[in-house]
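**Student:** Input: one structure, supplied below.
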Amino acid sequence: MVLLRTIICCIELLVFSIIAGLLGSLTGLGGGTVLVPLLTLFLGIPIAYAAGASLISTIATSSGAASAYIRDRITNVRIGMGLEIATTTGSIVGSLTANYVYTHGLAWIVYVVFGIVILTSIIPTAQRGKYEIPDPRKPDWTTRVFKLYGSYYDDALKMEVKYWGVRWWLGELIMFFAGFISGLLGIGSGALKVLGMDWAMNLPMKVSTTTSNFMIGVTAATGSALYWYFGYIQPMMAAVTAIGVLIGAMSGTKILVRITNKQVRWVFLAILAFLGMEMLLKGLYLDRIITITVATQYLLSIIFTAIVMTILYYRYGVLMAKNEKRTAARGGGNA
Amino acid sequence: MPKWDMDYVIGLTLRYGVIISIALILIGVALFHVKGEALGCGEALIMSPTSPINTTVIPPAYALSRLPNLDPLSFIILGLMVLIATPVLRVALGIASFAMERDWLYVFITAVVFINLMLAIFVLPSIMHLHANAQLLKLLCPSS
């Protein structure tokens, strides 16, 4: 009887972790961002334990994927390592802040920040339609000093792409913030890292995503070492979720190659919007800023998700598809 | 034929680090299902979502000393430690790799990252007097 109960508990945790890994890799936000809301909202796991388990599983997926990427030589190890100074420092500060927040009974802050982080990372994810190479900017002094040059072979474009990074200091600044969020919430915060490299340093998307993945492992190792001493890692829970998220993330990458219908990602983004809104409302509810029943919270989240997704889908799905068709038609006419 | 350059070694380290740690964790979970207890704690206590059996009550040295007894949590703790150590080893190899290229600026940068990791793993916890409390484990699980 006891054995049966253990297996059911484990399977529940395992299934949720696999879903988190799948959704995380399909949306490109990483397993942790989905795992923490799932565990806290639906399994009643304390957010500190969920964050600890999430950091551990983030190391596993990052190291697993990085070992494959390093052979493709798309990851820029110099840029990644340089920015790691900021992410690891940020992660230390973030983990210490998390400890302060939890020991002072302010866990609601973590929920609210988590909700905001998910909701704000949906927009760039919705925008990201295709991989393209940014317009080159003039190299600045940091490009020279920190040797931010690189090149990789792009399979889709069938050519060697040469690139260089600019504004190293701005990248560092954003990375410190990314590291801080990673330590505070127990996630990889890959979306923020990509923003730092893609927007601030003007690197190609492919380089940003693979280099960000390389950095996530080191950042998460820093955070989880401190989490270990604070007691936010429940070994059995971390063990089951690490296995689950790894399985989910690995199947996610396989599925991603086969998905031909790009519309599917709107469904995943809608799920994320719902989770983000739920976290935000739960945080506000915990602090008694708002007092509404759980059922109303769900209803509000669903309505919110419907509105936001309609706007985003119209803005980035329908309009962009129309534009693409128009350019394609014009291109065809010229040919 | 693979080239035995530094990138190749780093790729291997990452891959085998994850494989070894996941293997250890799987052994631990399997042992737990066979034995139904770990470090003298019962199943219900360990599997509860709000379980007090976290990393503050399990001194790593004690957990590792129980490895020959095939204790489930010993394997899981070792697996988690290997997992955390993998990126650390990767950064250490990065220092060596930049030193071989004689790129001293990046040797320095990578060394700073390594120092940050050491800060988080050893220095800060000892400054803050964060030690695992074995007495608490005895209290929670008297048969340990």
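In the structure tokens, the first chain shown is A, the next is B, and so on; residue numbers restart at 1 for each chain, and ligands run from 1 in the order shown.
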Could you list, as a ChimeraX atom specification, every residue within 8 Å of A:Ser182, counting only C-alpha atoms and ignoring same-chain residues fewer than 4 positions away?
**Tutor:** /A:91,94,178,186-189,219-220,223
**Student:** Would you export the selected residues with N, CA and C atoms as a PDB file, in the first residue's frame, please?
**Tutor:**
```pdb
ATOM      1  N   SER A  91      23.912  35.817  -9.571  1.00  0.00           N
ATOM      2  CA  SER A  91      23.290  34.642  -8.973  1.00  0.00           C
ATOM      3  C   SER A  91      23.566  34.562  -7.474  1.00  0.00           C
ATOM      4  N   GLY A  94      21.387  37.171  -5.943  1.00  0.00           N
ATOM      5  CA  GLY A  94      20.006  36.705  -6.034  1.00  0.00           C
ATOM      6  C   GLY A  94      19.680  35.617  -5.025  1.00  0.00           C
ATOM      7  N   ALA A 178      20.130  39.129 -15.097  1.00  0.00           N
ATOM      8  CA  ALA A 178      19.702  37.765 -15.430  1.00  0.00           C
ATOM      9  C   ALA A 178      20.145  36.794 -14.335  1.00  0.00           C
ATOM     10  N   GLY A 186      15.242  30.695  -8.972  1.00  0.00           N
ATOM     11  CA  GLY A 186      15.628  29.311  -9.208  1.00  0.00           C
ATOM     12  C   GLY A 186      15.375  28.848 -10.623  1.00  0.00           C
ATOM     13  N   ILE A 187      15.519  29.753 -11.596  1.00  0.00           N
ATOM     14  CA  ILE A 187      15.344  29.362 -12.992  1.00  0.00           C
ATOM     15  C   ILE A 187      16.617  29.698 -13.761  1.00  0.00           C
ATOM     16  N   GLY A 188      16.705  29.244 -15.016  1.00  0.00           N
ATOM     17  CA  GLY A 188      17.898  29.537 -15.811  1.00  0.00           C
ATOM     18  C   GLY A 188      17.908  30.964 -16.335  1.00  0.00           C
ATOM     19  N   SER A 189      16.713  31.564 -16.449  1.00  0.00           N
ATOM     20  CA  SER A 189      16.493  32.897 -17.022  1.00  0.00           C
ATOM     21  C   SER A 189      17.199  33.054 -18.372  1.00  0.00           C
ATOM     22  N   THR A 219      25.735  29.371 -14.162  1.00  0.00           N
ATOM     23  CA  THR A 219      24.944  30.237 -13.294  1.00  0.00           C
ATOM     24  C   THR A 219      24.123  29.402 -12.312  1.00  0.00           C
ATOM     25  N   ALA A 220      23.481  28.348 -12.825  1.00  0.00           N
ATOM     26  CA  ALA A 220      22.632  27.514 -11.971  1.00  0.00           C
ATOM     27  C   ALA A 220      23.461  26.762 -10.936  1.00  0.00           C
ATOM     28  N   GLY A 223      24.033  29.183  -8.064  1.00  0.00           N
ATOM     29  CA  GLY A 223      22.831  29.336  -7.252  1.00  0.00           C
ATOM     30  C   GLY A 223      22.522  28.088  -6.452  1.00  0.00           C
TER      31      GLY A 223
END
```
**Student:** Find the residues around B:Ile10 up to 7 Å (only C-alpha atoms counted), leave out those fewer than 4 positions away in its own chain, and share them as a list in words.
**Tutor:**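 Contacts, with the query itself left out: Met6, Leu14, Arg90 and Leu93 of chain B.
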**Student:** Print the selection's residues with N, CA, C and O atoms to a file, as a short mmCIF file (atom, residue, chain, number, x, y, z; two decimals), in the first residue's frame.
**Tutor:**
```cif
data_model
loop_
_atom_site.label_atom_id
_atom_site.label_comp_id
_atom_site.auth_asym_id
_atom_site.auth_seq_id
_atom_site.Cartn_x
_atom_site.Cartn_y
_atom_site.Cartn_z
N MET B 6 41.00 20.75 -26.84
CA MET B 6 40.38 21.11 -25.56
C MET B 6 38.85 21.11 -25.65
O MET B 6 38.18 20.67 -24.73
N LEU B 14 31.34 17.46 -20.03
CA LEU B 14 29.94 17.81 -19.80
C LEU B 14 29.04 16.59 -19.99
O LEU B 14 28.17 16.32 -19.16
N ARG B 90 34.05 22.28 -15.84
CA ARG B 90 34.06 22.87 -17.17
C ARG B 90 34.77 24.23 -17.15
O ARG B 90 35.55 24.54 -18.05
N LEU B 93 38.51 23.67 -16.70
CA LEU B 93 39.12 23.27 -17.97
C LEU B 93 39.22 24.48 -18.90
O LEU B 93 40.16 24.56 -19.71
#
```
**Student:** Find the distance between atom CA of B:Ala61 and atom CA of B:Ile77 and write it in Å to one decimal.
**Tutor:**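 Atom-to-atom, atom CA of B:Ala61 to atom CA of B:Ile77, that is 10.1 Å.
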**Student:** Write out as a PyMOL selection string the residues lying within 9 Å of A:Thr222, counting only C-alpha atoms and excluding same-chain residues fewer than 2 positions away.
**Tutor:** (chain A and resi 88-89+91-92+95+183+217-220+224-227) or (chain B and resi 84+88+116-121)
**Student:** Can I get the selected residues back with N, CA and C atoms, as a PDB file, in the first residue's frame?
**Tutor:**
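Below is the file result_27.pdb, written as the result:
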```pdb
ATOM      1  N   THR A  88      27.309  34.948 -12.603  1.00  0.00           N
ATOM      2  CA  THR A  88      27.583  34.254 -11.341  1.00  0.00           C
ATOM      3  C   THR A  88      27.499  35.226 -10.165  1.00  0.00           C
ATOM      4  N   THR A  89      28.009  36.463 -10.360  1.00  0.00           N
ATOM      5  CA  THR A  89      27.900  37.457  -9.285  1.00  0.00           C
ATOM      6  C   THR A  89      26.418  37.734  -9.005  1.00  0.00           C
ATOM      7  N   SER A  91      23.912  35.817  -9.571  1.00  0.00           N
ATOM      8  CA  SER A  91      23.290  34.642  -8.973  1.00  0.00           C
ATOM      9  C   SER A  91      23.566  34.562  -7.474  1.00  0.00           C
ATOM     10  N   ILE A  92      24.797  34.930  -7.057  1.00  0.00           N
ATOM     11  CA  ILE A  92      25.123  34.932  -5.622  1.00  0.00           C
ATOM     12  C   ILE A  92      24.230  35.942  -4.900  1.00  0.00           C
ATOM     13  N   SER A  95      20.600  34.651  -4.848  1.00  0.00           N
ATOM     14  CA  SER A  95      20.354  33.562  -3.904  1.00  0.00           C
ATOM     15  C   SER A  95      20.313  34.089  -2.477  1.00  0.00           C
ATOM     16  N   GLY A 183      19.059  33.432  -9.479  1.00  0.00           N
ATOM     17  CA  GLY A 183      19.262  33.067  -8.081  1.00  0.00           C
ATOM     18  C   GLY A 183      18.015  33.277  -7.242  1.00  0.00           C
ATOM     19  N   GLY A 217      24.211  26.717 -17.240  1.00  0.00           N
ATOM     20  CA  GLY A 217      24.724  25.661 -16.378  1.00  0.00           C
ATOM     21  C   GLY A 217      25.602  26.209 -15.263  1.00  0.00           C
ATOM     22  N   VAL A 218      26.524  27.109 -15.617  1.00  0.00           N
ATOM     23  CA  VAL A 218      27.449  27.666 -14.621  1.00  0.00           C
ATOM     24  C   VAL A 218      26.684  28.564 -13.634  1.00  0.00           C
ATOM     25  N   THR A 219      25.735  29.371 -14.162  1.00  0.00           N
ATOM     26  CA  THR A 219      24.944  30.237 -13.294  1.00  0.00           C
ATOM     27  C   THR A 219      24.123  29.402 -12.312  1.00  0.00           C
ATOM     28  N   ALA A 220      23.481  28.348 -12.825  1.00  0.00           N
ATOM     29  CA  ALA A 220      22.632  27.514 -11.971  1.00  0.00           C
ATOM     30  C   ALA A 220      23.461  26.762 -10.936  1.00  0.00           C
ATOM     31  N   SER A 224      22.646  26.919  -7.087  1.00  0.00           N
ATOM     32  CA  SER A 224      22.224  25.719  -6.371  1.00  0.00           C
ATOM     33  C   SER A 224      23.191  25.359  -5.251  1.00  0.00           C
ATOM     34  N   ALA A 225      24.468  25.778  -5.359  1.00  0.00           N
ATOM     35  CA  ALA A 225      25.394  25.533  -4.241  1.00  0.00           C
ATOM     36  C   ALA A 225      24.906  26.277  -3.002  1.00  0.00           C
ATOM     37  N   LEU A 226      24.509  27.541  -3.176  1.00  0.00           N
ATOM     38  CA  LEU A 226      23.995  28.305  -2.033  1.00  0.00           C
ATOM     39  C   LEU A 226      22.647  27.743  -1.576  1.00  0.00           C
ATOM     40  N   TYR A 227      21.782  27.398  -2.537  1.00  0.00           N
ATOM     41  CA  TYR A 227      20.480  26.794  -2.192  1.00  0.00           C
ATOM     42  C   TYR A 227      20.687  25.536  -1.349  1.00  0.00           C
TER      43      TYR A 227
ATOM     44  N   ILE B  84      26.377  19.290  -9.840  1.00  0.00           N
ATOM     45  CA  ILE B  84      26.814  20.664  -9.560  1.00  0.00           C
ATOM     46  C   ILE B  84      28.295  20.830  -9.917  1.00  0.00           C
ATOM     47  N   VAL B  88      31.487  23.335 -12.798  1.00  0.00           N
ATOM     48  CA  VAL B  88      32.687  23.849 -12.128  1.00  0.00           C
ATOM     49  C   VAL B  88      33.933  23.307 -12.833  1.00  0.00           C
ATOM     50  N   ASN B 116      34.158  33.038  -8.235  1.00  0.00           N
ATOM     51  CA  ASN B 116      32.756  33.219  -7.870  1.00  0.00           C
ATOM     52  C   ASN B 116      32.114  31.887  -7.492  1.00  0.00           C
ATOM     53  N   LEU B 117      32.422  30.846  -8.274  1.00  0.00           N
ATOM     54  CA  LEU B 117      31.870  29.521  -7.972  1.00  0.00           C
ATOM     55  C   LEU B 117      32.365  29.031  -6.610  1.00  0.00           C
ATOM     56  N   MET B 118      33.672  29.234  -6.349  1.00  0.00           N
ATOM     57  CA  MET B 118      34.238  28.803  -5.063  1.00  0.00           C
ATOM     58  C   MET B 118      33.614  29.592  -3.906  1.00  0.00           C
ATOM     59  N   LEU B 119      33.336  30.877  -4.176  1.00  0.00           N
ATOM     60  CA  LEU B 119      32.663  31.710  -3.173  1.00  0.00           C
ATOM     61  C   LEU B 119      31.328  31.082  -2.781  1.00  0.00           C
ATOM     62  N   ALA B 120      30.556  30.692  -3.794  1.00  0.00           N
ATOM     63  CA  ALA B 120      29.219  30.147  -3.550  1.00  0.00           C
ATOM     64  C   ALA B 120      29.288  28.766  -2.914  1.00  0.00           C
ATOM     65  N   ILE B 121      30.292  27.969  -3.315  1.00  0.00           N
ATOM     66  CA  ILE B 121      30.315  26.580  -2.843  1.00  0.00           C
ATOM     67  C   ILE B 121      30.982  26.455  -1.466  1.00  0.00           C
TER      68      ILE B 121
END
```
**Student:** Any idea what's packed within 12 Å of A:Leu170, counting only C-alpha atoms, ignoring anything in its chain fewer than 5 positions away? Could you give it as a list in words?
**Tutor:**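 In the requested format, the answer is Leu83, Ala86, Thr142, Gly165, Met175, Phe176, Phe177, Lys193, Leu195, Gly196, Met197, Asp198, Trp199, Ala200, Met201 and Asn202 of chain A.
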**Student:** Tell me which of B:Pro87, B:Pro72, B:Pro125, B:Gly79 sits closest to B:Cys41, counting only C-alpha atoms.
**Tutor:**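 Selected residue with least distance to B:Cys41: B:Pro72.
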